[in-house]
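To start, the structure itself, in structure tokens.
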Amino acid sequence: MGFVSPQVVTLPNGTALTVRIAEPADASQVLEHTKQVTAETDFLVTTPEEVTLTVDEERVWIQHHLDDPGSLLLLACAGPQVIGILSFRRESRVRLSHHGSLGVSVQKAWHGQGIGRKLVETLLRWAEANPWLEKVCLEVFTTNEPAIHLYHSLGFQEEGRRRRHVKLGPDAYVDVLVMCKFVK
């Protein structure tokens, strides 16, 4: 985990948003956020039924991010409520350790407020400050046009397309774009 100072910004709706590193004490809120976002969107690979971690297991997962210098777990909070999460993990194999992948989720009621942008911008600043990290990658559903627009606006480029990569149901598939940004 690298160091990220807590940041407070005012959202367009007037809400004070704090972006900070997750702590084990946040486990219950992180778990509730994950349950909520998986239930309200089809843009995530994880389904609500797959969110099975206990609060104690969530604490361990958060602590792993804190202990690993190649990981970062950011929270976007409106007051005490977690409304957005970004996780990043660097590849562990030596020949791949110059890059890592991010995942981000924002609760539906908070879409369009710039929360995803703030989380990704914070990650990119952290990545640029880390000498071992050269490239930040992600995968995004081709149907998630707002996210694709966000990533393009932040300098991510499309590196490939994984056809019919996610199966949403019988005869229902979605392609995934692989997008990356070089930070060095």
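Going through the structure tokens in order, the chains are called A, B, and so on, while each chain numbers its residues from 1 and the ligands are numbered from 1 in the order shown.
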
* Asked: What lies within 12 Å of Ala147 of chain A using only C-alpha atoms, ignoring chain neighbours under 4 positions off, as a list of chain:residue names?
  -> A:Phe43, A:Leu44, A:Gly103, A:Val104, A:Ser105, A:Val106, A:His111, A:Gly112, A:Gly114, A:Ile115, A:Gly116, A:Arg117, A:Val120, A:Leu138, A:Glu139, A:Val140, A:Phe141, A:Thr142, A:Thr143, A:Tyr151, A:His152, A:Ser153, A:Leu154, A:Phe156, A:Leu177, A:Met179

For C-alpha atoms, I'd like the residues from the last selection saved as a PDB file, in the first residue's frame.
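Wrote it out as result.pdb, contents follow:
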```pdb
ATOM      1  CA  PHE A  43     -21.929  -3.725 -15.246  1.00  0.00           C
ATOM      2  CA  LEU A  44     -20.113  -5.872 -12.659  1.00  0.00           C
ATOM      3  CA  GLY A 103     -11.877  -2.162 -10.293  1.00  0.00           C
ATOM      4  CA  VAL A 104     -14.264   0.606  -9.317  1.00  0.00           C
ATOM      5  CA  SER A 105     -17.885   0.759  -8.196  1.00  0.00           C
ATOM      6  CA  VAL A 106     -20.170   3.643  -7.246  1.00  0.00           C
ATOM      7  CA  HIS A 111     -23.776   8.253 -10.427  1.00  0.00           C
ATOM      8  CA  GLY A 112     -22.977  11.404 -12.396  1.00  0.00           C
ATOM      9  CA  GLY A 114     -17.726  12.680 -10.440  1.00  0.00           C
ATOM     10  CA  ILE A 115     -17.031  10.059  -7.760  1.00  0.00           C
ATOM     11  CA  GLY A 116     -15.573   7.477 -10.132  1.00  0.00           C
ATOM     12  CA  ARG A 117     -13.375  10.179 -11.675  1.00  0.00           C
ATOM     13  CA  VAL A 120      -9.409   6.949 -10.544  1.00  0.00           C
ATOM     14  CA  LEU A 138      -8.828  -2.291 -16.334  1.00  0.00           C
ATOM     15  CA  GLU A 139     -11.621  -4.196 -18.028  1.00  0.00           C
ATOM     16  CA  VAL A 140     -14.990  -2.583 -18.707  1.00  0.00           C
ATOM     17  CA  PHE A 141     -18.204  -3.884 -20.252  1.00  0.00           C
ATOM     18  CA  THR A 142     -18.703  -2.460 -23.748  1.00  0.00           C
ATOM     19  CA  THR A 143     -22.250  -1.563 -22.681  1.00  0.00           C
ATOM     20  CA  TYR A 151     -11.539   6.226 -18.859  1.00  0.00           C
ATOM     21  CA  HIS A 152     -10.869   7.774 -22.284  1.00  0.00           C
ATOM     22  CA  SER A 153     -11.035  11.258 -20.730  1.00  0.00           C
ATOM     23  CA  LEU A 154      -8.385  10.213 -18.188  1.00  0.00           C
ATOM     24  CA  PHE A 156      -6.745   5.271 -20.936  1.00  0.00           C
ATOM     25  CA  LEU A 177     -12.783  -3.767 -23.397  1.00  0.00           C
ATOM     26  CA  MET A 179      -8.059  -0.442 -21.353  1.00  0.00           C
TER      27      MET A 179
END
```

* Asked: Where does DSSP see alpha helix (DSSP H) in segment 9-183 of chain A, if you list the residues as a PyMOL selection string?
  -> chain A and resi 27-40+55-67+115-129+145-153

Can I get the selected residues back with N, CA and C atoms, as a compact mmCIF listing (two decimals), in the first residue's frame?
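Full text of result-v4.txt as output:
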```
# COMPACT_ATOMS: atom_id res chain seq x y z
N ALA A 27 -14.86 -2.60 7.35
CA ALA A 27 -15.27 -3.86 6.72
C ALA A 27 -16.78 -3.98 6.54
N SER A 28 -17.54 -3.65 7.55
CA SER A 28 -19.00 -3.78 7.45
C SER A 28 -19.57 -2.87 6.37
N GLN A 29 -19.10 -1.62 6.33
CA GLN A 29 -19.57 -0.66 5.32
C GLN A 29 -19.15 -1.08 3.91
N VAL A 30 -17.93 -1.61 3.77
CA VAL A 30 -17.45 -2.06 2.46
C VAL A 30 -18.31 -3.22 1.97
N LEU A 31 -18.61 -4.14 2.87
CA LEU A 31 -19.44 -5.29 2.52
C LEU A 31 -20.85 -4.86 2.11
N GLU A 32 -21.44 -3.93 2.85
CA GLU A 32 -22.77 -3.44 2.50
C GLU A 32 -22.76 -2.74 1.14
N HIS A 33 -21.73 -1.95 0.90
CA HIS A 33 -21.61 -1.29 -0.41
C HIS A 33 -21.55 -2.33 -1.53
N THR A 34 -20.73 -3.35 -1.34
CA THR A 34 -20.57 -4.38 -2.36
C THR A 34 -21.89 -5.10 -2.63
N LYS A 35 -22.62 -5.41 -1.58
CA LYS A 35 -23.93 -6.05 -1.75
C LYS A 35 -24.87 -5.15 -2.53
N GLN A 36 -24.85 -3.86 -2.21
CA GLN A 36 -25.76 -2.93 -2.88
C GLN A 36 -25.42 -2.77 -4.36
N VAL A 37 -24.14 -2.51 -4.67
CA VAL A 37 -23.81 -2.25 -6.08
C VAL A 37 -23.97 -3.48 -6.96
N THR A 38 -23.72 -4.66 -6.41
CA THR A 38 -23.92 -5.87 -7.23
C THR A 38 -25.40 -6.12 -7.50
N ALA A 39 -26.26 -5.62 -6.63
CA ALA A 39 -27.70 -5.80 -6.82
C ALA A 39 -28.31 -4.78 -7.77
N GLU A 40 -27.64 -3.64 -7.98
CA GLU A 40 -28.28 -2.57 -8.75
C GLU A 40 -27.67 -2.33 -10.13
N VAL A 55 -17.97 -10.32 7.68
CA VAL A 55 -17.31 -9.07 8.05
C VAL A 55 -15.85 -9.35 8.43
N ASP A 56 -15.60 -10.44 9.15
CA ASP A 56 -14.23 -10.79 9.52
C ASP A 56 -13.38 -11.08 8.29
N GLU A 57 -13.93 -11.78 7.32
CA GLU A 57 -13.19 -12.06 6.08
C GLU A 57 -12.93 -10.77 5.29
N GLU A 58 -13.88 -9.86 5.33
CA GLU A 58 -13.71 -8.56 4.67
C GLU A 58 -12.59 -7.77 5.34
N ARG A 59 -12.51 -7.83 6.67
CA ARG A 59 -11.42 -7.18 7.40
C ARG A 59 -10.06 -7.70 6.93
N VAL A 60 -9.97 -9.02 6.78
CA VAL A 60 -8.72 -9.63 6.32
C VAL A 60 -8.38 -9.14 4.91
N TRP A 61 -9.38 -9.07 4.03
CA TRP A 61 -9.16 -8.60 2.67
C TRP A 61 -8.65 -7.15 2.67
N ILE A 62 -9.25 -6.31 3.50
CA ILE A 62 -8.81 -4.92 3.61
C ILE A 62 -7.39 -4.86 4.14
N GLN A 63 -7.10 -5.64 5.18
CA GLN A 63 -5.76 -5.65 5.76
C GLN A 63 -4.72 -6.10 4.73
N HIS A 64 -5.09 -7.05 3.88
CA HIS A 64 -4.17 -7.49 2.83
C HIS A 64 -3.79 -6.32 1.92
N HIS A 65 -4.76 -5.49 1.57
CA HIS A 65 -4.46 -4.31 0.76
C HIS A 65 -3.51 -3.36 1.49
N LEU A 66 -3.71 -3.22 2.80
CA LEU A 66 -2.83 -2.34 3.57
C LEU A 66 -1.41 -2.89 3.66
N ASP A 67 -1.28 -4.20 3.74
CA ASP A 67 0.02 -4.83 3.91
C ASP A 67 0.80 -4.98 2.61
N ILE A 115 -17.67 10.90 -8.79
CA ILE A 115 -17.03 10.06 -7.76
C ILE A 115 -16.06 9.07 -8.39
N GLY A 116 -16.48 8.40 -9.45
CA GLY A 116 -15.57 7.48 -10.13
C GLY A 116 -14.33 8.19 -10.63
N ARG A 117 -14.51 9.38 -11.19
CA ARG A 117 -13.37 10.18 -11.68
C ARG A 117 -12.41 10.48 -10.53
N LYS A 118 -12.94 10.92 -9.40
CA LYS A 118 -12.09 11.27 -8.26
C LYS A 118 -11.30 10.05 -7.78
N LEU A 119 -11.96 8.89 -7.72
CA LEU A 119 -11.27 7.67 -7.29
C LEU A 119 -10.14 7.30 -8.25
N VAL A 120 -10.43 7.33 -9.55
CA VAL A 120 -9.41 6.95 -10.54
C VAL A 120 -8.28 7.98 -10.58
N GLU A 121 -8.60 9.26 -10.49
CA GLU A 121 -7.55 10.28 -10.45
C GLU A 121 -6.63 10.09 -9.25
N THR A 122 -7.21 9.73 -8.11
CA THR A 122 -6.40 9.48 -6.91
C THR A 122 -5.48 8.29 -7.12
N LEU A 123 -6.01 7.23 -7.71
CA LEU A 123 -5.18 6.06 -8.03
C LEU A 123 -4.04 6.45 -8.97
N LEU A 124 -4.34 7.20 -10.01
CA LEU A 124 -3.31 7.56 -11.00
C LEU A 124 -2.20 8.39 -10.37
N ARG A 125 -2.53 9.31 -9.46
CA ARG A 125 -1.48 10.07 -8.77
C ARG A 125 -0.61 9.14 -7.93
N TRP A 126 -1.25 8.20 -7.22
CA TRP A 126 -0.52 7.21 -6.43
C TRP A 126 0.39 6.38 -7.33
N ALA A 127 -0.13 5.94 -8.47
CA ALA A 127 0.64 5.10 -9.40
C ALA A 127 1.84 5.87 -9.97
N GLU A 128 1.63 7.13 -10.32
CA GLU A 128 2.72 7.94 -10.87
C GLU A 128 3.84 8.14 -9.85
N ALA A 129 3.50 8.14 -8.57
CA ALA A 129 4.49 8.34 -7.51
C ALA A 129 5.25 7.06 -7.15
N GLU A 145 -21.11 2.67 -21.34
CA GLU A 145 -20.61 3.83 -22.07
C GLU A 145 -20.13 4.97 -21.18
N PRO A 146 -20.83 5.30 -20.07
CA PRO A 146 -20.30 6.37 -19.22
C PRO A 146 -18.91 6.06 -18.66
N ALA A 147 -18.68 4.81 -18.27
CA ALA A 147 -17.36 4.44 -17.74
C ALA A 147 -16.30 4.50 -18.83
N ILE A 148 -16.63 4.02 -20.02
CA ILE A 148 -15.67 4.06 -21.13
C ILE A 148 -15.30 5.51 -21.44
N HIS A 149 -16.29 6.39 -21.45
CA HIS A 149 -16.03 7.81 -21.69
C HIS A 149 -15.11 8.37 -20.60
N LEU A 150 -15.37 8.03 -19.34
CA LEU A 150 -14.53 8.48 -18.23
C LEU A 150 -13.09 8.03 -18.43
N TYR A 151 -12.90 6.75 -18.71
CA TYR A 151 -11.54 6.23 -18.86
C TYR A 151 -10.81 6.87 -20.03
N HIS A 152 -11.50 7.07 -21.15
CA HIS A 152 -10.87 7.77 -22.28
C HIS A 152 -10.45 9.19 -21.86
N SER A 153 -11.33 9.88 -21.13
CA SER A 153 -11.03 11.26 -20.73
C SER A 153 -9.84 11.35 -19.78
```

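The residue set within 12 Å of Arg90 of chain A, counting only C-alpha atoms and dropping same-chain residues fewer than 6 places from it, reads Met1, Gly2, His65, Asp68, Pro69, Gly70, Ser71, Leu72, Leu73, Leu96, Ser97, His98, His99, Gly100, Ser101, Leu102, Ala127, Asn130, Trp132, Leu133, Glu134, Lys135, Val136, Cys137 and Leu138 of chain A.
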
* Asked: What residues in chain A get the DSSP label strand (DSSP E)? Please answer as a PyMOL selection string.
  -> chain A and resi 7-10+16-21+71-78+81-90+99-106+135-141+157-169+172-182

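Coordinates place atom CA of Val82 of chain A at a distance of 13.1 Å from atom CA of Thr15 of chain A.
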
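Atom CA of Pro131 of chain A is positioned 8.6 Å from atom CA of Lys184 of chain A.
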
* To do: Find the residues around Val9 of chain A up to 8 Å (only C-alpha atoms counted), leave out those fewer than 3 positions away in its own chain, and share them as a ChimeraX atom specification.
  => /A:16-18
